[in-house]
>>> print(open('data.pdb').read())   # PDB, C-alpha atoms and all ligand atoms
ATOM      1  CA  MET L   1      12.577  37.022  50.901
ATOM      2  CA  ALA L   2      10.506  36.623  47.745
ATOM      3  CA  LEU L   3      11.005  38.702  44.611
ATOM      4  CA  ASP L   4       8.226  40.780  43.115
ATOM      5  CA  CYS L   5       7.761  40.879  39.341
ATOM      6  CA  ALA L   6       9.766  44.077  38.833
ATOM      7  CA  SER L   7      12.749  42.723  40.766
ATOM      8  CA  ALA L   8      12.533  39.394  38.976
ATOM      9  CA  ARG L   9      12.431  41.099  35.544
ATOM     10  CA  ASP L  10      15.401  43.253  36.502
ATOM     11  CA  ARG L  11      17.404  40.079  37.068
ATOM     12  CA  LEU L  12      16.221  37.993  34.122
ATOM     13  CA  GLU L  13      19.039  38.991  31.802
ATOM     14  CA  GLU L  14      21.743  38.170  34.358
ATOM     15  CA  TYR L  15      19.863  34.994  35.205
ATOM     16  CA  ARG L  16      19.905  33.931  31.573
ATOM     17  CA  ARG L  17      23.641  34.559  31.396
ATOM     18  CA  GLY L  18      24.242  32.638  34.618
ATOM     19  CA  GLU L  19      25.752  35.740  36.192
ATOM     20  CA  LEU L  20      23.685  35.878  39.362
ATOM     21  CA  ALA L  21      24.968  34.709  42.736
ATOM     22  CA  ARG L  22      23.524  31.318  43.610
ATOM     23  CA  ALA L  23      21.140  32.634  46.286
ATOM     24  CA  GLU L  24      19.807  35.318  43.979
ATOM     25  CA  ALA L  25      19.429  32.894  41.075
ATOM     26  CA  ALA L  26      17.402  30.656  43.385
ATOM     27  CA  LEU L  27      15.074  33.568  44.189
ATOM     28  CA  VAL L  28      14.535  34.171  40.475
ATOM     29  CA  ALA L  29      13.889  30.479  39.869
ATOM     30  CA  VAL L  30      11.305  30.405  42.662
ATOM     31  CA  HIS L  31       9.574  33.454  41.211
ATOM     32  CA  LEU L  32       9.556  32.016  37.682
ATOM     33  CA  GLU L  33       8.076  28.799  38.996
ATOM     34  CA  ALA L  34       5.161  30.750  40.449
ATOM     35  CA  CYS L  35       4.713  33.546  37.898
ATOM     36  CA  GLU L  36       3.440  32.880  34.410
ATOM     37  CA  ALA L  37       3.890  36.493  33.254
ATOM     38  CA  CYS L  38       7.587  36.474  34.108
ATOM     39  CA  ARG L  39       8.022  33.041  32.537
ATOM     40  CA  ALA L  40       6.548  34.465  29.333
ATOM     41  CA  ALA L  41       8.897  37.463  29.539
ATOM     42  CA  ARG L  42      11.815  35.114  29.936
ATOM     43  CA  ALA L  43      10.695  33.010  26.982
ATOM     44  CA  ARG L  44      10.475  36.144  24.821
ATOM     45  CA  ASP L  45      13.998  37.188  25.820
ATOM     46  CA  ASP L  46      15.340  33.709  25.093
ATOM     47  CA  ALA L  47      13.648  33.745  21.698
ATOM     48  CA  VAL L  48      15.204  37.106  20.859
ATOM     49  CA  VAL L  49      18.633  35.919  21.904
ATOM     50  CA  ALA L  50      18.275  32.692  19.938
ATOM     51  CA  LEU L  51      17.014  34.323  16.776
ATOM     52  CA  VAL L  52      18.954  37.569  16.659
ATOM     53  CA  GLY L  53      22.066  35.686  15.659
ATOM     54  CA  THR L  54      20.278  33.941  12.793
ATOM     55  CA  LEU L  55      18.727  37.059  11.223
ATOM     56  CA  PRO L  56      19.816  38.053   7.760
ATOM     57  CA  ARG L  57      21.478  41.429   7.615
ATOM     58  CA  PRO L  58      19.712  43.728   6.819
ATOM     59  CA  PRO L  59      16.670  42.181   8.512
ATOM     60  CA  ALA L  60      13.448  41.157   6.764
ATOM     61  CA  PRO L  61      11.953  43.707   4.377
ATOM     62  CA  PRO L  62       9.640  46.172   6.149
ATOM     63  CA  ALA L  63       6.415  44.841   4.602
ATOM     64  CA  LEU L  64       7.137  41.286   5.702
ATOM     65  CA  ALA L  65       8.248  42.279   9.179
ATOM     66  CA  ALA L  66       5.161  44.477   9.592
ATOM     67  CA  ARG L  67       2.941  41.529   8.611
ATOM     68  CA  ILE L  68       4.696  39.297  11.130
ATOM     69  CA  ALA L  69       4.435  41.991  13.821
ATOM     70  CA  ALA L  70       0.723  42.454  13.010
ATOM     71  CA  LEU L  71       0.136  38.838  13.976
ATOM     72  CA  GLY L  72       1.124  39.857  17.488
ATOM     73  CA  ALA L  73       2.582  37.745  20.251
ATOM     74  CA  PRO L  74       0.267  35.040  21.615
ATOM     75  CA  PRO L  75      -1.605  36.255  24.716
ATOM     76  CA  ALA L  76      -0.108  35.482  28.092
ATOM     77  CA  GLY L  77      -1.645  32.340  29.452
ATOM     78  CA  ALA L  78      -1.840  30.556  26.104
ATOM     79  CA  ARG L  79       0.914  28.224  27.125
ATOM     80  CA  ARG L  80      -0.302  25.202  25.180
ATOM     81  CA  TRP L  81      -0.306  27.373  22.080
ATOM     82  CA  LEU L  82       3.169  28.617  22.844
ATOM     83  CA  GLY L  83       4.258  24.999  22.991
ATOM     84  CA  ARG L  84       3.375  24.476  19.325
ATOM     85  CA  PRO L  85       6.512  25.083  17.313
ATOM     86  CA  TRP L  86       4.993  27.202  14.523
ATOM     87  CA  VAL L  87       3.184  29.466  17.014
ATOM     88  CA  ALA L  88       6.332  29.866  19.042
ATOM     89  CA  ALA L  89       8.270  30.658  15.868
ATOM     90  CA  LEU L  90       5.779  33.317  14.757
ATOM     91  CA  GLY L  91       5.675  34.884  18.204
ATOM     92  CA  ALA L  92       9.438  34.915  18.422
ATOM     93  CA  ALA L  93       9.710  36.385  14.917
ATOM     94  CA  ALA L  94       7.335  39.191  15.902
ATOM     95  CA  VAL L  95       9.372  39.925  19.007
ATOM     96  CA  VAL L  96      12.598  39.925  17.014
ATOM     97  CA  ALA L  97      11.078  42.224  14.409
ATOM     98  CA  LEU L  98      10.123  44.654  17.164
ATOM     99  CA  ALA L  99      13.494  44.409  18.839
ATOM    100  CA  VAL L 100      15.708  44.872  15.810
ATOM    101  CA  ALA L 101      13.597  46.876  13.399
ATOM    102  CA  PRO L 102      13.117  50.543  14.256
ATOM    103  CA  TRP L 103      10.607  50.878  11.409
ATOM    104  CA  VAL L 104       8.133  48.631  13.217
ATOM    105  CA  ARG L 105       6.343  50.957  15.589
ATOM    106  CA  PRO L 106       5.091  49.623  18.927
ATOM    107  CA  GLY L 107       1.400  48.732  18.706
ATOM    108  CA  PRO L 108      -1.273  50.981  20.187
ATOM    109  CA  GLY L 109      -1.841  48.481  22.989
ATOM    110  CA  ARG L 110       1.573  49.148  24.467
ATOM    111  CA  PRO L 111       1.174  51.238  27.630
ATOM    112  CA  GLY L 112       3.509  53.982  28.737
ATOM    113  CA  ASP L 113       5.853  56.507  27.278
ATOM    114  CA  PRO L 114       8.685  54.981  25.210
ATOM    115  CA  VAL L 115      11.266  57.495  26.466
ATOM    116  CA  GLU L 116      10.321  56.819  30.069
ATOM    117  CA  ALA L 117      10.565  53.076  29.458
ATOM    118  CA  LEU L 118      13.988  53.564  27.900
ATOM    119  CA  LEU L 119      15.230  55.662  30.838
ATOM    120  CA  ARG L 120      13.997  53.092  33.364
ATOM    121  CA  ALA L 121      15.596  50.246  31.430
ATOM    122  CA  GLY L 122      18.852  52.230  31.159
ATOM    123  CA  ILE L 123      19.015  52.722  34.913
ATOM    124  CA  ALA L 124      18.295  49.035  35.533
ATOM    125  CA  GLU L 125      21.036  48.007  33.112
ATOM    126  CA  HIS L 126      23.469  50.533  34.620
ATOM    127  CA  ARG L 127      22.825  49.029  38.056
ATOM    128  CA  ARG L 128      23.484  45.532  36.724
ATOM    129  CA  ILE L 129      26.747  46.717  35.218
ATOM    130  CA  LEU L 130      27.768  48.317  38.538
ATOM    131  CA  MET L 131      27.006  45.067  40.362
ATOM    132  CA  GLN L 132      28.962  43.073  37.845
ATOM    133  CA  LEU L 133      31.953  45.421  38.018
ATOM    134  CA  GLU L 134      31.995  44.920  41.780
ATOM    135  CA  VAL L 135      32.381  41.175  41.275
ATOM    136  CA  ALA L 136      34.742  41.307  38.287
ATOM    137  CA  PRO L 137      36.423  44.731  38.190
ATOM    138  CA  ALA L 138      37.130  45.216  34.472
ATOM    139  CA  GLU L 139      37.200  43.338  31.196
ATOM    140  CA  PRO L 140      40.712  42.217  30.280
ATOM    141  CA  ALA L 141      39.967  42.631  26.552
ATOM    142  CA  PRO L 142      41.221  45.756  24.751
ATOM    143  CA  PRO L 143      38.523  48.385  24.013
ATOM    144  CA  ASP L 144      38.520  47.770  20.258
ATOM    145  CA  VAL L 145      37.941  44.036  20.721
ATOM    146  CA  LEU L 146      35.129  44.641  23.234
ATOM    147  CA  LEU L 147      33.357  47.140  20.987
ATOM    148  CA  GLU L 148      33.722  44.922  17.936
ATOM    149  CA  ARG L 149      31.959  42.149  19.839
ATOM    150  CA  VAL L 150      29.119  44.500  20.689
ATOM    151  CA  ARG L 151      28.908  45.737  17.094
ATOM    152  CA  THR L 152      28.645  42.184  15.831
ATOM    153  CA  ALA L 153      25.952  41.297  18.353
ATOM    154  CA  THR L 154      23.814  44.396  17.792
ATOM    155  CA  ALA L 155      24.516  45.368  14.153
ATOM    156  CA  LEU L 156      24.570  48.922  15.572
ATOM    157  CA  GLN L 157      27.022  51.671  14.696
ATOM    158  CA  VAL L 158      28.690  51.676  18.102
ATOM    159  CA  PRO L 159      30.537  55.004  18.234
ATOM    160  CA  ARG L 160      34.313  54.969  18.381
ATOM    161  CA  ALA L 161      34.077  57.328  21.374
ATOM    162  CA  PHE L 162      32.659  54.477  23.488
ATOM    163  CA  ALA L 163      36.206  53.061  23.554
ATOM    164  CA  GLY L 164      37.222  56.097  25.615
ATOM    165  CA  ALA L 165      36.844  59.838  25.141
ATOM    166  CA  GLY L 166      39.180  62.379  26.747
ATOM    167  CA  ASP L 167      40.142  60.956  30.130
ATOM    168  CA  LEU L 168      37.177  58.541  30.109
ATOM    169  CA  ARG L 169      38.429  54.954  30.249
ATOM    170  CA  LEU L 170      36.355  52.000  29.024
ATOM    171  CA  LEU L 171      35.648  49.447  31.780
ATOM    172  CA  THR L 172      33.275  47.109  29.978
ATOM    173  CA  ALA L 173      30.860  46.999  27.059
ATOM    174  CA  ARG L 174      27.962  44.742  26.204
ATOM    175  CA  ALA L 175      25.035  44.200  23.895
ATOM    176  CA  THR L 176      21.734  44.464  25.697
ATOM    177  CA  LEU L 177      18.012  45.083  25.307
ATOM    178  CA  LEU L 178      16.558  48.388  26.546
ATOM    179  CA  ALA L 179      12.768  48.467  26.451
ATOM    180  CA  GLU L 180      12.922  45.798  23.721
ATOM    181  CA  ARG L 181      15.414  47.756  21.618
ATOM    182  CA  LYS L 182      18.772  46.255  20.789
ATOM    183  CA  SER L 183      21.330  48.502  22.412
ATOM    184  CA  ALA L 184      25.036  48.850  22.981
ATOM    185  CA  ALA L 185      26.141  49.719  26.510
ATOM    186  CA  ALA L 186      29.606  50.963  27.441
ATOM    187  CA  ALA L 187      30.645  51.677  31.031
ATOM    188  CA  LEU L 188      33.394  54.262  31.284
ATOM    189  CA  GLN L 189      35.059  56.087  34.129
ATOM    190  CA  ALA L 190      36.972  59.334  34.445
ATOM    191  CA  PRO L 191      39.247  60.140  37.407
ATOM    192  CA  ALA L 192      37.283  61.213  40.518
ATOM    193  CA  SER L 193      33.983  60.408  38.776
ATOM    194  CA  PRO L 194      31.472  57.597  39.221
ATOM    195  CA  VAL L 195      31.225  54.742  36.735
ATOM    196  CA  THR L 196      29.029  56.034  33.916
ATOM    197  CA  THR L 197      27.178  53.948  31.355
ATOM    198  CA  TYR L 198      26.529  55.280  27.859
ATOM    199  CA  PHE L 199      23.962  53.571  25.645
ATOM    200  CA  VAL L 200      23.237  53.857  21.950
ATOM    201  CA  VAL L 201      19.813  52.685  20.780
ATOM    202  CA  PRO L 202      17.982  52.693  17.422
ATOM    203  CA  GLY L 203      15.644  55.640  17.960
ATOM    204  CA  ARG L 204      14.187  56.896  14.704
ATOM    205  CA  ASP L 205      10.700  56.839  16.265
ATOM    206  CA  LEU L 206      11.722  58.197  19.675
ATOM    207  CA  PRO L 207      10.903  61.795  20.627
ATOM    208  CA  VAL L 208      12.954  64.050  22.880
ATOM    209  CA  PRO L 209      10.633  65.576  25.493
ATOM    210  CA  ALA L 210      10.373  69.372  25.188
ATOM    211  CA  ASP L 211      10.345  69.933  28.961
ATOM    212  CA  GLY L 212      13.186  68.943  31.234
ATOM    213  CA  ARG L 213      15.986  69.822  28.851
ATOM    214  CA  GLN L 214      19.165  71.513  30.013
ATOM    215  CA  GLU L 215      21.480  73.806  28.194
ATOM    216  CA  ILE L 216      25.016  72.413  28.370
ATOM    217  CA  GLY L 217      27.406  74.214  26.072
ATOM    218  CA  PRO L 218      25.808  74.145  22.616
ATOM    219  CA  TYR L 219      23.659  71.089  23.493
ATOM    220  CA  ARG L 220      20.234  70.607  25.074
ATOM    221  CA  PRO L 221      19.890  67.030  26.366
ATOM    222  CA  TYR L 222      16.867  65.866  28.322
ATOM    223  CA  VAL L 223      17.958  65.401  31.941
ATOM    224  CA  ARG L 224      16.260  63.398  34.670
ATOM    225  CA  GLU L 225      17.247  62.501  38.203
ATOM    226  CA  VAL L 226      15.884  59.177  39.423
ATOM    227  CA  ASP L 227      16.803  57.861  42.868
ATOM    228  CA  ASP L 228      20.587  58.220  43.103
ATOM    229  CA  PHE L 229      21.111  58.349  39.361
ATOM    230  CA  SER L 230      21.163  61.033  36.719
ATOM    231  CA  VAL L 231      20.029  60.209  33.217
ATOM    232  CA  TYR L 232      20.908  62.280  30.150
ATOM    233  CA  TYR L 233      19.059  61.505  26.932
ATOM    234  CA  TRP L 234      19.636  62.923  23.492
ATOM    235  CA  LYS L 235      19.341  62.035  19.814
ATOM    236  CA  GLN L 236      21.704  62.254  16.882
ATOM    237  CA  GLY L 237      20.033  61.346  13.610
ATOM    238  CA  ASP L 238      18.307  57.987  13.927
ATOM    239  CA  LEU L 239      20.193  57.047  17.060
ATOM    240  CA  ALA L 240      19.217  57.813  20.641
ATOM    241  CA  TYR L 241      21.815  58.052  23.393
ATOM    242  CA  LEU L 242      21.537  57.639  27.126
ATOM    243  CA  MET L 243      24.050  58.467  29.806
ATOM    244  CA  VAL L 244      23.424  57.086  33.290
ATOM    245  CA  SER L 245      25.692  58.339  36.050
ATOM    246  CA  GLY L 246      25.781  59.391  39.701
ATOM    247  CA  PRO L 247      23.779  62.209  41.284
ATOM    248  CA  ASP L 248      26.341  65.050  41.070
ATOM    249  CA  GLN L 249      25.107  67.397  38.316
ATOM    250  CA  GLU L 250      28.385  69.263  37.791
ATOM    251  CA  ILE L 251      30.240  65.991  37.249
ATOM    252  CA  CYS L 252      27.434  64.745  34.999
ATOM    253  CA  LYS L 253      27.561  67.834  32.811
ATOM    254  CA  SER L 254      31.279  67.386  32.321
ATOM    255  CA  LEU L 255      30.834  63.644  31.561
ATOM    256  CA  PHE L 256      28.079  64.466  29.083
ATOM    257  CA  LEU L 257      30.271  67.046  27.317
ATOM    258  CA  LYS L 258      33.254  64.687  27.108
ATOM    259  CA  MET L 259      31.175  62.098  25.280
ATOM    260  CA  ARG L 260      28.923  64.400  23.264
ATOM    261  CA  GLN L 261      31.868  66.309  21.813
ATOM    262  CA  ALA L 262      33.645  63.060  20.912
ATOM    263  CA  LEU L 263      30.631  61.612  19.046
TER     264      LEU L 263
HETATM  265 ZN    ZN P 301       6.383  37.835  38.025
END
>>> encode(input="data.pdb", output="structure tokens", more="lines below")
Ligand SMILES: [Zn+2]
Amino acid sequence: MALDCASARDRLEEYRRGELARAEAALVAVHLEACEACRAARARDDAVVALVGTLPRPPAPPALAARIAALGAPPAGARRWLGRPWVAALGAAAVVALAVAPWVRPGPGRPGDPVEALLRAGIAEHRRILMQLEVAPAEPAPPDVLLERVRTATALQVPRAFAGAGDLRLLTARATLLAERKSAAAALQAPASPVTTYFVVPGRDLPVPADGRQEIGPYRPYVREVDDFSVYYWKQGDLAYLMVSGPDQEICKSLFLKMRQAL
């Protein structure tokens, strides 16, 4: 069985971390060997990971970052160019600026709706977390230690409620990229409920769609059902939140309320 691009991209992050089963990692390697676009995607991810840790905090001033971003990433296919260190550095800097700086808006050439991209990425990440929990049931580290790690890696205000809210218990937490935004993910579970992943994402520029919102108590999150998953999306100030859970809407509403009221 060969992987298509979407399946390969879904697995790139786990591949980078060496978390895939050997057979699956081999499939990804075969695809990367044959697919330049996915190799470029992987190189961008690696550059982000390598550089995020070296960024000053707060990141570069807006004017500088905007100038770097305006240079754009080198076009796919320009592999010889990518091989030149200064070009690679500029491209990587632009990608990092986009990933960590909410004030750098995506360029007009970027296709698709940013909320839709975020929802899709959230579901993909939730599925990865489910797969990983099947292999290694839960992190042995205490919630505070886990969340502190994620805070350090993302420089995000990871809410205290991600450590557990009401009868929600934290299973694992990680720093991740959702649609090129640095995000914190926390998988929690309540009794008799499916594993549910909550994400917090820098979202100053993100809208909340007017249609498709549901009234739940005093709140009106945007709710979508995709395949066997439900996605709840809402904003608080400059932060956007996602909740990805199972298909049962009554359970989802209760899981949403538990977290929303604790935030
Ligand atoms: Zn591909």
>>> closest_residue(input="data.pdb", among="L:Arg224, L:Arg39, L:Arg22, L:Arg17", to="ligand ZN 301 (chain P)", atoms="only C-alpha atoms and all ligand atoms")
L:Arg39
>>> resolve_selection(input="data.pdb", expression="the PyMOL selection byres (((chain L and resi 180-192) around 7) and not hetatm)", output="PyMOL selection string")
chain L and resi 99-100+150+154+158+162+167-179+193-202
>>> closest_atom_pairs(input="data.pdb", of="chain L", to="ligand ZN 301 (chain P)", cutoff="9 Å", atoms="all atoms listed in the file", output="JSON lines")
{"residue": "L:Leu3", "atom": "CA", "partner": "P:ZN301", "partner_atom": "ZN", "distance": 8.1}
{"residue": "L:Asp4", "atom": "CA", "partner": "P:ZN301", "partner_atom": "ZN", "distance": 6.2}
{"residue": "L:Cys5", "atom": "CA", "partner": "P:ZN301", "partner_atom": "ZN", "distance": 3.6}
{"residue": "L:Ala6", "atom": "CA", "partner": "P:ZN301", "partner_atom": "ZN", "distance": 7.1}
{"residue": "L:Ser7", "atom": "CA", "partner": "P:ZN301", "partner_atom": "ZN", "distance": 8.5}
{"residue": "L:Ala8", "atom": "CA", "partner": "P:ZN301", "partner_atom": "ZN", "distance": 6.4}
{"residue": "L:Arg9", "atom": "CA", "partner": "P:ZN301", "partner_atom": "ZN", "distance": 7.3}
{"residue": "L:His31", "atom": "CA", "partner": "P:ZN301", "partner_atom": "ZN", "distance": 6.3}
{"residue": "L:Leu32", "atom": "CA", "partner": "P:ZN301", "partner_atom": "ZN", "distance": 6.6}
{"residue": "L:Ala34", "atom": "CA", "partner": "P:ZN301", "partner_atom": "ZN", "distance": 7.6}
{"residue": "L:Cys35", "atom": "CA", "partner": "P:ZN301", "partner_atom": "ZN", "distance": 4.6}
{"residue": "L:Glu36", "atom": "CA", "partner": "P:ZN301", "partner_atom": "ZN", "distance": 6.8}
{"residue": "L:Ala37", "atom": "CA", "partner": "P:ZN301", "partner_atom": "ZN", "distance": 5.5}
{"residue": "L:Cys38", "atom": "CA", "partner": "P:ZN301", "partner_atom": "ZN", "distance": 4.3}
{"residue": "L:Arg39", "atom": "CA", "partner": "P:ZN301", "partner_atom": "ZN", "distance": 7.5}
{"residue": "L:Ala41", "atom": "CA", "partner": "P:ZN301", "partner_atom": "ZN", "distance": 8.9}
>>> atom_distance(input="data.pdb", atom1="atom CA of Pro159 of chain L", atom2="atom CA of Ala262 of chain L")
9.0 Å
>>> resolve_selection(input="data.pdb", expression="the PyMOL selection byres (((chain L and resi 119) around 9) and not hetatm)", output="ChimeraX atom specification")
/L:114-118,120-124,178-179,224,231-233,242,244
>>> residues_around(input="data.pdb", residues="Glu225 of chain L", least_positions_apart="2", cutoff="10 Å", atoms="all atoms listed in the file", output="number ranges by chain")
L: 223, 227-232, 244-249
>>> atom_distance(input="data.pdb", atom1="atom CA of Glu14 of chain L", atom2="atom CA of Val30 of chain L")
15.4 Å
>>> closest_residue(input="data.pdb", among="L:Arg260, L:Glu13, L:Ala240, L:Leu206", to="Val48 of chain L", atoms="only C-alpha atoms")
L:Glu13
>>> atom_distance(input="data.pdb", atom1="atom CA of Ala26 of chain L", atom2="atom CA of Ala153 of chain L")
28.5 Å
>>> closest_residue(input="data.pdb", among="L:Leu156, L:Ala165, L:Leu146, L:Ala21", to="Met131 of chain L", atoms="all atoms listed in the file")
L:Ala21
>>> resolve_selection(input="data.pdb", expression="the PyMOL selection byres (((chain L and resi 19) around 12) and not hetatm)", output="list in words")
Arg11, Leu12, Glu13, Glu14, Tyr15, Arg16, Arg17, Gly18, Leu20, Ala21, Arg22, Ala23, Glu24, Ala25, Arg128, Ile129, Met131, Gln132, Leu133, Val135 and Ala136 of chain L
>>> write_last_selection(input="data.pdb", atoms="C-alpha atoms", output="short mmCIF file (atom, residue, chain, number, x, y, z; two decimals), keeping the file's coordinate frame")
data_model
loop_
_atom_site.label_atom_id
_atom_site.label_comp_id
_atom_site.auth_asym_id
_atom_site.auth_seq_id
_atom_site.Cartn_x
_atom_site.Cartn_y
_atom_site.Cartn_z
CA ARG L 11 17.40 40.08 37.07
CA LEU L 12 16.22 37.99 34.12
CA GLU L 13 19.04 38.99 31.80
CA GLU L 14 21.74 38.17 34.36
CA TYR L 15 19.86 34.99 35.20
CA ARG L 16 19.90 33.93 31.57
CA ARG L 17 23.64 34.56 31.40
CA GLY L 18 24.24 32.64 34.62
CA LEU L 20 23.68 35.88 39.36
CA ALA L 21 24.97 34.71 42.74
CA ARG L 22 23.52 31.32 43.61
CA ALA L 23 21.14 32.63 46.29
CA GLU L 24 19.81 35.32 43.98
CA ALA L 25 19.43 32.89 41.08
CA ARG L 128 23.48 45.53 36.72
CA ILE L 129 26.75 46.72 35.22
CA MET L 131 27.01 45.07 40.36
CA GLN L 132 28.96 43.07 37.84
CA LEU L 133 31.95 45.42 38.02
CA VAL L 135 32.38 41.18 41.28
CA ALA L 136 34.74 41.31 38.29
#
>>> closest_residue(input="data.pdb", among="L:Leu257, L:Leu147, L:Val49, L:Ala163", to="Met243 of chain L", atoms="only C-alpha atoms")
L:Leu257
